[in-house]
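Engineer: This is upload08.txt, which holds compact mmCIF, N, CA and C atoms:
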```txt
# COMPACT_ATOMS: atom_id res chain seq x y z
N MET A 1 50.87 77.80 129.48
CA MET A 1 51.66 78.93 129.92
C MET A 1 52.96 78.99 129.10
N THR A 2 53.37 80.17 128.75
CA THR A 2 54.60 80.34 127.97
C THR A 2 55.75 80.77 128.89
N VAL A 3 56.95 80.68 128.37
CA VAL A 3 58.12 81.13 129.11
C VAL A 3 57.95 82.60 129.49
N GLN A 4 57.52 83.42 128.54
CA GLN A 4 57.38 84.85 128.83
C GLN A 4 56.33 85.11 129.89
N GLU A 5 55.22 84.38 129.86
CA GLU A 5 54.19 84.55 130.90
C GLU A 5 54.74 84.20 132.27
N ILE A 6 55.54 83.16 132.34
CA ILE A 6 56.14 82.76 133.62
C ILE A 6 57.17 83.79 134.07
N ILE A 7 57.98 84.28 133.16
CA ILE A 7 58.95 85.31 133.51
C ILE A 7 58.25 86.57 134.02
N ASP A 8 57.14 86.92 133.39
CA ASP A 8 56.36 88.08 133.84
C ASP A 8 55.89 87.89 135.28
N ILE A 9 55.43 86.68 135.60
CA ILE A 9 54.99 86.37 136.97
C ILE A 9 56.18 86.46 137.92
N LEU A 10 57.30 85.89 137.52
CA LEU A 10 58.49 85.93 138.36
C LEU A 10 58.94 87.38 138.62
N GLU A 11 58.88 88.20 137.60
CA GLU A 11 59.29 89.60 137.77
C GLU A 11 58.36 90.35 138.71
N LYS A 12 57.07 89.98 138.72
CA LYS A 12 56.13 90.61 139.66
C LYS A 12 56.41 90.17 141.10
N LEU A 13 56.90 88.94 141.26
CA LEU A 13 57.21 88.41 142.59
C LEU A 13 58.59 88.84 143.08
N ALA A 14 59.40 89.40 142.19
CA ALA A 14 60.79 89.71 142.50
C ALA A 14 60.93 90.69 143.66
N SER A 15 61.97 90.45 144.46
CA SER A 15 62.25 91.33 145.59
C SER A 15 63.77 91.38 145.82
N PRO A 16 64.40 92.48 145.44
CA PRO A 16 65.85 92.60 145.67
C PRO A 16 66.22 92.42 147.15
N GLU A 17 65.30 92.81 148.03
CA GLU A 17 65.53 92.63 149.47
C GLU A 17 65.66 91.14 149.82
N LYS A 18 64.86 90.30 149.17
CA LYS A 18 64.93 88.86 149.45
C LYS A 18 66.22 88.25 148.92
N VAL A 19 66.79 88.81 147.87
CA VAL A 19 68.09 88.33 147.39
C VAL A 19 69.11 88.48 148.53
N LEU A 20 69.10 89.61 149.19
CA LEU A 20 70.03 89.85 150.30
C LEU A 20 69.72 88.99 151.51
N ILE A 21 68.44 88.83 151.82
CA ILE A 21 68.06 87.99 152.95
C ILE A 21 68.52 86.55 152.72
N LYS A 22 68.26 86.04 151.51
CA LYS A 22 68.67 84.66 151.21
C LYS A 22 70.18 84.50 151.29
N LYS A 23 70.91 85.51 150.85
CA LYS A 23 72.36 85.45 150.90
C LYS A 23 72.87 85.51 152.34
N ASN A 24 72.38 86.48 153.10
CA ASN A 24 72.90 86.71 154.45
C ASN A 24 72.38 85.70 155.47
N LYS A 25 71.15 85.28 155.33
CA LYS A 25 70.56 84.39 156.34
C LYS A 25 70.76 82.91 156.00
N PHE A 26 70.74 82.56 154.71
CA PHE A 26 70.77 81.15 154.32
C PHE A 26 71.99 80.77 153.47
N GLY A 27 72.84 81.73 153.15
CA GLY A 27 74.03 81.44 152.34
C GLY A 27 73.70 81.09 150.90
N ILE A 28 72.57 81.57 150.41
CA ILE A 28 72.15 81.30 149.03
C ILE A 28 72.46 82.52 148.19
N SER A 29 73.46 82.40 147.33
CA SER A 29 73.74 83.51 146.42
C SER A 29 73.76 82.99 145.00
N SER A 30 73.30 83.83 144.11
CA SER A 30 73.21 83.48 142.70
C SER A 30 73.45 84.72 141.88
N ASP A 31 74.05 84.53 140.73
CA ASP A 31 74.37 85.66 139.87
C ASP A 31 73.15 86.31 139.24
N ASN A 32 72.09 85.56 139.06
CA ASN A 32 70.95 86.09 138.31
C ASN A 32 69.63 85.82 139.03
N ALA A 33 69.59 86.12 140.32
CA ALA A 33 68.40 85.87 141.13
C ALA A 33 67.49 87.09 141.17
N LEU A 34 66.20 86.81 141.21
CA LEU A 34 65.20 87.87 141.32
C LEU A 34 64.80 88.13 142.77
N GLY A 35 65.00 87.14 143.63
CA GLY A 35 64.62 87.28 145.03
C GLY A 35 63.21 86.77 145.29
N ILE A 36 63.04 85.47 145.12
CA ILE A 36 61.74 84.84 145.38
C ILE A 36 62.01 83.62 146.25
N TYR A 37 61.25 83.49 147.33
CA TYR A 37 61.45 82.35 148.23
C TYR A 37 61.02 81.05 147.56
N HIS A 38 61.68 79.98 147.97
CA HIS A 38 61.43 78.66 147.40
C HIS A 38 59.97 78.24 147.58
N LYS A 39 59.39 78.53 148.72
CA LYS A 39 57.99 78.15 148.97
C LYS A 39 57.06 78.82 147.95
N ASP A 40 57.38 80.02 147.54
CA ASP A 40 56.56 80.72 146.55
C ASP A 40 56.74 80.11 145.16
N LEU A 41 57.95 79.63 144.87
CA LEU A 41 58.18 78.95 143.59
C LEU A 41 57.45 77.62 143.55
N LYS A 42 57.40 76.91 144.69
CA LYS A 42 56.65 75.65 144.75
C LYS A 42 55.16 75.88 144.47
N GLU A 43 54.63 76.95 145.01
CA GLU A 43 53.22 77.28 144.76
C GLU A 43 52.98 77.62 143.29
N LEU A 44 53.88 78.38 142.71
CA LEU A 44 53.76 78.73 141.30
C LEU A 44 53.86 77.48 140.44
N ALA A 45 54.76 76.58 140.77
CA ALA A 45 54.97 75.35 139.99
C ALA A 45 53.69 74.50 139.93
N LYS A 46 52.89 74.56 140.97
CA LYS A 46 51.62 73.80 141.00
C LYS A 46 50.64 74.30 139.94
N LYS A 47 50.82 75.53 139.50
CA LYS A 47 49.93 76.13 138.51
C LYS A 47 50.43 75.92 137.08
N ILE A 48 51.63 75.36 136.95
CA ILE A 48 52.23 75.16 135.63
C ILE A 48 52.18 73.67 135.32
N PRO A 49 51.64 73.30 134.18
CA PRO A 49 51.61 71.87 133.85
C PRO A 49 53.01 71.32 133.60
N LYS A 50 53.19 70.03 133.89
CA LYS A 50 54.47 69.37 133.58
C LYS A 50 54.70 69.48 132.08
N ASP A 51 55.85 70.00 131.72
CA ASP A 51 56.15 70.23 130.31
C ASP A 51 57.66 70.31 130.16
N ASP A 52 58.24 69.28 129.58
CA ASP A 52 59.70 69.20 129.48
C ASP A 52 60.29 70.31 128.64
N LYS A 53 59.67 70.61 127.53
CA LYS A 53 60.20 71.67 126.65
C LYS A 53 60.16 73.02 127.37
N LEU A 54 59.05 73.30 128.02
CA LEU A 54 58.93 74.54 128.78
C LEU A 54 59.97 74.58 129.89
N ALA A 55 60.17 73.46 130.57
CA ALA A 55 61.15 73.39 131.65
C ALA A 55 62.55 73.71 131.14
N ILE A 56 62.93 73.10 130.03
CA ILE A 56 64.25 73.35 129.44
C ILE A 56 64.38 74.81 129.04
N ASN A 57 63.35 75.37 128.44
CA ASN A 57 63.39 76.78 128.03
C ASN A 57 63.50 77.70 129.24
N LEU A 58 62.83 77.34 130.33
CA LEU A 58 62.95 78.14 131.55
C LEU A 58 64.38 78.08 132.07
N PHE A 59 64.96 76.88 132.10
CA PHE A 59 66.33 76.75 132.56
C PHE A 59 67.27 77.61 131.72
N ASP A 60 67.07 77.57 130.42
CA ASP A 60 67.97 78.26 129.49
C ASP A 60 67.87 79.78 129.57
N THR A 61 66.87 80.33 130.27
CA THR A 61 66.80 81.78 130.44
C THR A 61 67.96 82.28 131.30
N GLY A 62 68.51 81.40 132.13
CA GLY A 62 69.56 81.80 133.05
C GLY A 62 69.05 82.48 134.30
N ILE A 63 67.76 82.68 134.40
CA ILE A 63 67.16 83.29 135.59
C ILE A 63 67.09 82.21 136.67
N TYR A 64 67.68 82.49 137.81
CA TYR A 64 67.80 81.51 138.89
C TYR A 64 66.45 80.87 139.24
N GLU A 65 65.46 81.68 139.48
CA GLU A 65 64.15 81.14 139.89
C GLU A 65 63.48 80.36 138.76
N ALA A 66 63.70 80.74 137.52
CA ALA A 66 63.17 79.98 136.39
C ALA A 66 63.84 78.60 136.34
N GLN A 67 65.11 78.55 136.69
CA GLN A 67 65.81 77.27 136.73
C GLN A 67 65.25 76.36 137.82
N ILE A 68 64.94 76.93 138.98
CA ILE A 68 64.32 76.13 140.03
C ILE A 68 62.96 75.61 139.57
N LEU A 69 62.19 76.44 138.89
CA LEU A 69 60.90 75.97 138.35
C LEU A 69 61.11 74.81 137.39
N CYS A 70 62.16 74.84 136.62
CA CYS A 70 62.48 73.73 135.71
C CYS A 70 62.52 72.42 136.47
N SER A 71 63.15 72.43 137.65
CA SER A 71 63.27 71.20 138.43
C SER A 71 61.93 70.68 138.92
N LYS A 72 60.94 71.53 138.90
CA LYS A 72 59.63 71.15 139.42
C LYS A 72 58.63 70.76 138.33
N ILE A 73 58.91 71.11 137.09
CA ILE A 73 57.93 70.79 136.03
C ILE A 73 58.47 69.82 134.98
N PHE A 74 59.74 69.42 135.10
CA PHE A 74 60.29 68.44 134.17
C PHE A 74 59.88 67.04 134.61
N ASN A 75 59.55 66.19 133.67
CA ASN A 75 59.15 64.82 133.96
C ASN A 75 60.39 63.95 134.20
N PRO A 76 60.56 63.38 135.40
CA PRO A 76 61.77 62.61 135.70
C PRO A 76 62.00 61.42 134.76
N SER A 77 60.94 60.86 134.23
CA SER A 77 61.11 59.70 133.34
C SER A 77 61.72 60.10 131.99
N ASN A 78 61.76 61.39 131.69
CA ASN A 78 62.34 61.85 130.43
C ASN A 78 63.76 62.39 130.58
N LEU A 79 64.31 62.29 131.77
CA LEU A 79 65.68 62.77 131.98
C LEU A 79 66.69 61.91 131.23
N THR A 80 67.75 62.55 130.79
CA THR A 80 68.89 61.83 130.22
C THR A 80 70.09 62.11 131.11
N GLU A 81 71.08 61.26 131.03
CA GLU A 81 72.29 61.50 131.81
C GLU A 81 72.96 62.80 131.38
N GLU A 82 72.91 63.08 130.09
CA GLU A 82 73.54 64.29 129.58
C GLU A 82 72.88 65.54 130.15
N LEU A 83 71.55 65.53 130.20
CA LEU A 83 70.82 66.68 130.74
C LEU A 83 71.09 66.83 132.24
N MET A 84 71.12 65.72 132.96
CA MET A 84 71.41 65.78 134.39
C MET A 84 72.81 66.37 134.62
N ASP A 85 73.79 65.94 133.84
CA ASP A 85 75.14 66.47 133.98
C ASP A 85 75.21 67.94 133.62
N LYS A 86 74.52 68.32 132.55
CA LYS A 86 74.52 69.73 132.11
C LYS A 86 74.00 70.63 133.24
N TRP A 87 72.88 70.23 133.82
CA TRP A 87 72.28 71.04 134.88
C TRP A 87 73.14 71.04 136.13
N THR A 88 73.66 69.87 136.50
CA THR A 88 74.47 69.76 137.71
C THR A 88 75.71 70.65 137.65
N ARG A 89 76.32 70.75 136.50
CA ARG A 89 77.52 71.59 136.36
C ARG A 89 77.23 73.08 136.62
N THR A 90 75.97 73.49 136.55
CA THR A 90 75.63 74.90 136.75
C THR A 90 75.30 75.25 138.20
N PHE A 91 75.15 74.26 139.07
CA PHE A 91 74.72 74.53 140.44
C PHE A 91 75.72 75.44 141.14
N GLU A 92 75.17 76.52 141.74
CA GLU A 92 76.04 77.49 142.41
C GLU A 92 75.72 77.65 143.90
N ASN A 93 74.72 76.92 144.38
CA ASN A 93 74.40 76.96 145.81
C ASN A 93 73.58 75.72 146.19
N TRP A 94 73.38 75.55 147.48
CA TRP A 94 72.70 74.35 147.96
C TRP A 94 71.23 74.32 147.58
N GLU A 95 70.57 75.45 147.48
CA GLU A 95 69.13 75.47 147.22
C GLU A 95 68.80 74.87 145.85
N ILE A 96 69.49 75.31 144.83
CA ILE A 96 69.19 74.80 143.49
C ILE A 96 69.64 73.35 143.37
N CYS A 97 70.77 73.02 143.98
CA CYS A 97 71.25 71.64 143.97
C CYS A 97 70.20 70.72 144.60
N ASP A 98 69.74 71.07 145.78
CA ASP A 98 68.79 70.22 146.48
C ASP A 98 67.44 70.15 145.78
N SER A 99 67.03 71.24 145.16
CA SER A 99 65.76 71.25 144.44
C SER A 99 65.79 70.25 143.29
N PHE A 100 66.86 70.26 142.52
CA PHE A 100 66.97 69.32 141.41
C PHE A 100 67.14 67.89 141.90
N CYS A 101 67.99 67.70 142.90
CA CYS A 101 68.29 66.33 143.34
C CYS A 101 67.12 65.68 144.05
N MET A 102 66.47 66.40 144.93
CA MET A 102 65.38 65.83 145.71
C MET A 102 64.08 65.73 144.90
N GLY A 103 63.82 66.74 144.10
CA GLY A 103 62.55 66.76 143.39
C GLY A 103 62.56 66.10 142.04
N LEU A 104 63.75 65.91 141.47
CA LEU A 104 63.81 65.42 140.09
C LEU A 104 64.79 64.26 139.92
N PHE A 105 66.06 64.47 140.25
CA PHE A 105 67.07 63.46 139.95
C PHE A 105 66.85 62.14 140.69
N ALA A 106 66.43 62.20 141.94
CA ALA A 106 66.23 60.97 142.71
C ALA A 106 65.12 60.11 142.12
N LYS A 107 64.26 60.70 141.30
CA LYS A 107 63.15 59.97 140.67
C LYS A 107 63.54 59.42 139.29
N SER A 108 64.77 59.67 138.88
CA SER A 108 65.23 59.27 137.56
C SER A 108 65.76 57.83 137.57
N LYS A 109 65.67 57.18 136.43
CA LYS A 109 66.24 55.83 136.30
C LYS A 109 67.76 55.87 136.34
N PHE A 110 68.34 57.06 136.23
CA PHE A 110 69.79 57.21 136.27
C PHE A 110 70.31 57.60 137.65
N ALA A 111 69.44 57.67 138.63
CA ALA A 111 69.83 58.16 139.96
C ALA A 111 71.03 57.42 140.53
N GLU A 112 70.99 56.11 140.53
CA GLU A 112 72.08 55.35 141.14
C GLU A 112 73.40 55.55 140.39
N THR A 113 73.35 55.57 139.09
CA THR A 113 74.55 55.80 138.29
C THR A 113 75.16 57.16 138.59
N LYS A 114 74.31 58.18 138.63
CA LYS A 114 74.80 59.54 138.84
C LYS A 114 75.30 59.72 140.28
N ILE A 115 74.68 59.05 141.24
CA ILE A 115 75.15 59.13 142.63
C ILE A 115 76.60 58.70 142.70
N ILE A 116 76.90 57.56 142.14
CA ILE A 116 78.27 57.03 142.18
C ILE A 116 79.23 57.97 141.46
N GLU A 117 78.80 58.48 140.33
CA GLU A 117 79.66 59.39 139.55
C GLU A 117 79.88 60.71 140.28
N TRP A 118 78.79 61.33 140.74
CA TRP A 118 78.89 62.67 141.32
C TRP A 118 79.59 62.69 142.67
N THR A 119 79.42 61.66 143.49
CA THR A 119 80.05 61.69 144.82
C THR A 119 81.57 61.68 144.75
N SER A 120 82.12 61.33 143.61
CA SER A 120 83.58 61.36 143.46
C SER A 120 84.08 62.65 142.81
N ARG A 121 83.19 63.56 142.50
CA ARG A 121 83.58 64.83 141.88
C ARG A 121 84.25 65.75 142.89
N LYS A 122 84.99 66.70 142.39
CA LYS A 122 85.68 67.67 143.25
C LYS A 122 84.86 68.94 143.47
N HIS A 123 84.15 69.38 142.44
CA HIS A 123 83.34 70.61 142.55
C HIS A 123 82.28 70.43 143.64
N GLU A 124 82.21 71.39 144.54
CA GLU A 124 81.36 71.29 145.73
C GLU A 124 79.91 70.88 145.43
N PHE A 125 79.27 71.53 144.49
CA PHE A 125 77.85 71.26 144.30
C PHE A 125 77.59 70.08 143.39
N GLU A 126 78.58 69.67 142.61
CA GLU A 126 78.45 68.41 141.88
C GLU A 126 78.55 67.25 142.87
N LYS A 127 79.49 67.34 143.80
CA LYS A 127 79.64 66.32 144.84
C LYS A 127 78.38 66.29 145.72
N ARG A 128 77.91 67.47 146.10
CA ARG A 128 76.70 67.54 146.92
C ARG A 128 75.52 66.90 146.19
N ALA A 129 75.45 67.08 144.86
CA ALA A 129 74.36 66.48 144.09
C ALA A 129 74.31 64.97 144.31
N GLY A 130 75.47 64.33 144.36
CA GLY A 130 75.50 62.90 144.61
C GLY A 130 74.94 62.55 145.97
N PHE A 131 75.39 63.25 147.00
CA PHE A 131 74.95 62.94 148.36
C PHE A 131 73.49 63.33 148.61
N THR A 132 73.05 64.41 148.01
CA THR A 132 71.65 64.82 148.17
C THR A 132 70.73 63.83 147.45
N THR A 133 71.15 63.35 146.31
CA THR A 133 70.35 62.36 145.59
C THR A 133 70.28 61.06 146.38
N ILE A 134 71.38 60.67 147.04
CA ILE A 134 71.35 59.48 147.91
C ILE A 134 70.30 59.68 149.00
N ALA A 135 70.34 60.81 149.67
CA ALA A 135 69.40 61.08 150.77
C ALA A 135 67.96 61.02 150.28
N ALA A 136 67.71 61.64 149.14
CA ALA A 136 66.34 61.66 148.60
C ALA A 136 65.90 60.26 148.18
N LEU A 137 66.81 59.50 147.58
CA LEU A 137 66.49 58.14 147.15
C LEU A 137 66.21 57.25 148.36
N CYS A 138 66.99 57.41 149.42
CA CYS A 138 66.77 56.64 150.65
C CYS A 138 65.37 56.88 151.21
N MET A 139 64.93 58.11 151.16
CA MET A 139 63.61 58.44 151.70
C MET A 139 62.50 57.94 150.79
N ALA A 140 62.73 57.92 149.49
CA ALA A 140 61.69 57.56 148.53
C ALA A 140 61.59 56.05 148.29
N ASP A 141 62.70 55.34 148.39
CA ASP A 141 62.73 53.91 148.09
C ASP A 141 62.36 53.13 149.34
N LYS A 142 61.12 52.69 149.40
CA LYS A 142 60.60 52.00 150.59
C LYS A 142 60.80 50.49 150.53
N PHE A 143 61.36 49.99 149.43
CA PHE A 143 61.42 48.55 149.24
C PHE A 143 62.82 47.96 149.29
N SER A 144 63.82 48.73 148.98
CA SER A 144 65.19 48.21 148.96
C SER A 144 65.73 48.06 150.37
N GLY A 145 66.65 47.13 150.53
CA GLY A 145 67.30 46.92 151.81
C GLY A 145 68.50 47.84 151.97
N ASN A 146 69.08 47.79 153.17
CA ASN A 146 70.23 48.64 153.48
C ASN A 146 71.40 48.39 152.56
N GLU A 147 71.57 47.16 152.11
CA GLU A 147 72.73 46.83 151.28
C GLU A 147 72.81 47.69 150.02
N LYS A 148 71.66 48.07 149.47
CA LYS A 148 71.66 48.92 148.28
C LYS A 148 72.35 50.26 148.58
N PHE A 149 72.08 50.79 149.74
CA PHE A 149 72.58 52.13 150.07
C PHE A 149 73.97 52.10 150.71
N GLU A 150 74.34 50.99 151.25
CA GLU A 150 75.69 50.86 151.81
C GLU A 150 76.71 50.83 150.70
```
As structure tokens - that is how I would like this structure written.

Structural biologist:
Amino acid sequence: MTVQEIIDILEKLASPEKVLIKKNKFGISSDNALGIYHKDLKELAKKIPKDDKLAINLFDTGIYEAQILCSKIFNPSNLTEELMDKWTRTFENWEICDSFCMGLFAKSKFAETKIIEWTSRKHEFEKRAGFTTIAALCMADKFSGNEKFE
């Protein structure tokens, strides 16, 4: 699948009404949203093979929903700290922050380092990225003791 094929699918799923619903009901606002529910993006992501280059290209479109898809098709073992920081600085609401942190960042070898770094940040969604990654890591790590998370 190409970036353009995915954008075409996203445009067919777009609903300006859902942009308003997400803003008014869930506090999710974005400058470049098409209006697609997260559950529908998760279903679409299952049809797209994991592909880091495609994921980065989707993120770089600036389309909100394409960026969320990026978090679902990028391979966590290929993350770099620089890429994690680049993406985190763009977070503008809780949905995209949580999608990246729970689905991608918590699975990274840099998770613990970034948790400590991000939780001391001042920007709301950079700070949230740290705490959301902690929560996701706590749920995923079945072997570590409490002392790791304290």

Engineer: Each residue of range 69-111 of chain A with at least one atom at most 9 Å from range 41-55 of chain A should appear once, together with its nearest atom pair and the corresponding distance in Å (one decimal); atoms considered: only C-alpha atoms; ordering: chain, then increasing residue number; output as a tab-separated table.

Structural biologist:
```
residue	atom	partner	partner_atom	distance
A:Leu69	CA	A:Ala45	CA	6.2
A:Cys70	CA	A:Ala55	CA	4.3
A:Ser71	CA	A:Ala55	CA	7.4
A:Lys72	CA	A:Ala45	CA	6.3
A:Ile73	CA	A:Lys50	CA	4.5
A:Phe74	CA	A:Asp52	CA	4.8
A:Asn75	CA	A:Asp52	CA	6.3
A:Asn78	CA	A:Asp52	CA	7.9
```

Engineer: For Met102 in chain A, work out the shell of residues within 6.5 Å, counting all atoms listed in the file and skipping chain neighbours fewer than 5 positions away, then give it as a ChimeraX atom specification.

Structural biologist: /A:97,107,132-133,136

Engineer: Show me a table, sorted first by chain and then by increasing residue number, of the residues of range 25-95 of chain A having an atom at most 9 Å from range 112-116 of chain A, each with its shortest atom pair and the distance in Å to one decimal, counting only C-alpha atoms and written as a tab-separated table.

Structural biologist:
```
residue	atom	partner	partner_atom	distance
A:Glu81	CA	A:Lys114	CA	7.7
A:Met84	CA	A:Lys114	CA	8.4
A:Asp85	CA	A:Lys114	CA	8.5
```

Engineer: Between CA of Asp98 in chain A and CA of Ala33 in chain A, what is the spacing in Å?

Structural biologist: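 Taking CA of Ala33 in chain A and CA of Asp98 in chain A, their separation equals 16.5 Å.
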
Engineer: Restrict the calculation to all atoms listed in the file, then for each residue of range 33-64 of chain A with any atom at most 6 Å from an atom of range 10-25 of chain A give the closest atom pair and their distance in Å to one decimal, rows by chain and rising residue number, as a Markdown table.

Structural biologist:
```
| residue | atom | partner | partner_atom | distance |
| --- | --- | --- | --- | --- |
| A:Leu34 | C | A:Ser15 | N | 4.0 |
| A:Gly35 | CA | A:Val19 | N | 3.9 |
| A:Ile36 | N | A:Ser15 | N | 5.1 |
```

Engineer: Could you work out how far CA of Leu79 in chain A lies from CA of Gln4 in chain A, giving the answer in Å with one decimal?

Structural biologist: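 Going from CA of Gln4 in chain A over to CA of Leu79 in chain A, I get 23.8 Å.
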
Engineer: As a PyMOL selection string, list the residues of chain A assigned to alpha helix (DSSP H) by DSSP on the backbone atoms of this structure.

Structural biologist: chain A and resi 3-13+16-26+38-46+52-60+64-73+81-88+94-103+111-118+124-140+146-149

Engineer: Residues at most 6.5 Å from Pro76 in chain A, counting all atoms listed in the file, excluding those fewer than 6 positions away in the same chain, as a ChimeraX atom specification?

Structural biologist: /A:104,107-109

Engineer: Please produce a file of those selected residues containing N, CA and C atoms, as a short mmCIF file (atom, residue, chain, number, x, y, z; two decimals), in the coordinates of the input.

Structural biologist:
```cif
data_model
loop_
_atom_site.label_atom_id
_atom_site.label_comp_id
_atom_site.auth_asym_id
_atom_site.auth_seq_id
_atom_site.Cartn_x
_atom_site.Cartn_y
_atom_site.Cartn_z
N LEU A 104 63.75 65.91 141.47
CA LEU A 104 63.81 65.42 140.09
C LEU A 104 64.79 64.26 139.92
N LYS A 107 64.26 60.70 141.30
CA LYS A 107 63.15 59.97 140.67
C LYS A 107 63.54 59.42 139.29
N SER A 108 64.77 59.67 138.88
CA SER A 108 65.23 59.27 137.56
C SER A 108 65.76 57.83 137.57
N LYS A 109 65.67 57.18 136.43
CA LYS A 109 66.24 55.83 136.30
C LYS A 109 67.76 55.87 136.34
#
```

Engineer: Provide the CA of Asp31 in chain A to atom C of Thr90 in chain A distance in Å, to one decimal place.

Structural biologist: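 Going from CA of Asp31 in chain A over to atom C of Thr90 in chain A, I get 10.6 Å.
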
Engineer: Would you please work out which residue, of A:His38, A:Ile6, A:Thr88, A:Leu83, is nearest to Lys127 in chain A when using only N, CA and C atoms?

Structural biologist: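 Of A:His38, A:Ile6, A:Thr88, A:Leu83, the one nearest Lys127 in chain A, counting only N, CA and C atoms, is A:Thr88.
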
Engineer: Would you output range 12-69 of chain A from that structure, restricted to C-alpha atoms, as an mmCIF file, in the first residue's frame?

Structural biologist:
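To be explicit, this is the file written out as result_24.cif:
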```cif
data_model
loop_
_atom_site.group_PDB
_atom_site.id
_atom_site.type_symbol
_atom_site.label_atom_id
_atom_site.label_comp_id
_atom_site.auth_asym_id
_atom_site.auth_seq_id
_atom_site.Cartn_x
_atom_site.Cartn_y
_atom_site.Cartn_z
ATOM 1 C CA LYS A 12 -13.361 8.321 1.903
ATOM 2 C CA LEU A 13 -13.773 7.718 5.650
ATOM 3 C CA ALA A 14 -13.613 11.446 6.460
ATOM 4 C CA SER A 15 -16.493 13.070 8.281
ATOM 5 C CA PRO A 16 -16.436 16.770 9.232
ATOM 6 C CA GLU A 17 -19.270 15.973 11.655
ATOM 7 C CA LYS A 18 -16.985 13.572 13.542
ATOM 8 C CA VAL A 19 -14.347 16.294 13.881
ATOM 9 C CA LEU A 20 -16.905 18.301 15.854
ATOM 10 C CA ILE A 21 -18.134 15.308 17.844
ATOM 11 C CA LYS A 22 -14.584 14.402 18.856
ATOM 12 C CA LYS A 23 -13.903 17.993 19.864
ATOM 13 C CA ASN A 24 -17.128 18.583 21.786
ATOM 14 C CA LYS A 25 -17.601 15.161 23.353
ATOM 15 C CA PHE A 26 -14.009 13.998 23.948
ATOM 16 C CA GLY A 27 -11.927 17.197 23.905
ATOM 17 C CA ILE A 28 -9.940 15.994 20.890
ATOM 18 C CA SER A 29 -9.072 18.823 18.559
ATOM 19 C CA SER A 30 -6.512 18.877 15.808
ATOM 20 C CA ASP A 31 -5.577 21.361 13.150
ATOM 21 C CA ASN A 32 -5.621 18.880 10.287
ATOM 22 C CA ALA A 33 -8.171 16.199 11.182
ATOM 23 C CA LEU A 34 -10.433 14.446 8.709
ATOM 24 C CA GLY A 35 -12.874 13.134 11.315
ATOM 25 C CA ILE A 36 -12.304 9.400 11.662
ATOM 26 C CA TYR A 37 -12.829 7.501 14.898
ATOM 27 C CA HIS A 38 -9.860 5.745 16.461
ATOM 28 C CA LYS A 39 -11.559 2.342 16.263
ATOM 29 C CA ASP A 40 -11.844 2.747 12.488
ATOM 30 C CA LEU A 41 -8.157 3.659 12.234
ATOM 31 C CA LYS A 42 -7.262 0.534 14.233
ATOM 32 C CA GLU A 43 -9.215 -1.581 11.752
ATOM 33 C CA LEU A 44 -7.516 0.094 8.806
ATOM 34 C CA ALA A 45 -4.082 -0.390 10.411
ATOM 35 C CA LYS A 46 -4.679 -4.165 10.481
ATOM 36 C CA LYS A 47 -4.830 -4.083 6.677
ATOM 37 C CA ILE A 48 -1.533 -2.207 6.328
ATOM 38 C CA PRO A 49 1.702 -4.144 6.729
ATOM 39 C CA LYS A 50 4.251 -2.918 9.284
ATOM 40 C CA ASP A 51 6.488 -0.596 7.321
ATOM 41 C CA ASP A 52 8.677 2.030 8.961
ATOM 42 C CA LYS A 53 9.254 4.097 5.837
ATOM 43 C CA LEU A 54 5.535 4.156 5.049
ATOM 44 C CA ALA A 55 4.786 5.072 8.670
ATOM 45 C CA ILE A 56 7.214 8.002 8.594
ATOM 46 C CA ASN A 57 5.804 9.193 5.267
ATOM 47 C CA LEU A 58 2.277 9.009 6.675
ATOM 48 C CA PHE A 59 3.324 11.053 9.689
ATOM 49 C CA ASP A 60 4.987 13.637 7.470
ATOM 50 C CA THR A 61 1.733 14.280 5.557
ATOM 51 C CA GLY A 62 0.565 16.280 8.562
ATOM 52 C CA ILE A 63 -2.844 14.620 8.353
ATOM 53 C CA TYR A 64 -3.914 13.803 11.907
ATOM 54 C CA GLU A 65 -5.344 10.372 11.150
ATOM 55 C CA ALA A 66 -2.328 9.440 9.001
ATOM 56 C CA GLN A 67 -0.147 10.281 11.984
ATOM 57 C CA ILE A 68 -2.177 7.976 14.223
ATOM 58 C CA LEU A 69 -1.754 5.216 11.625
#
```
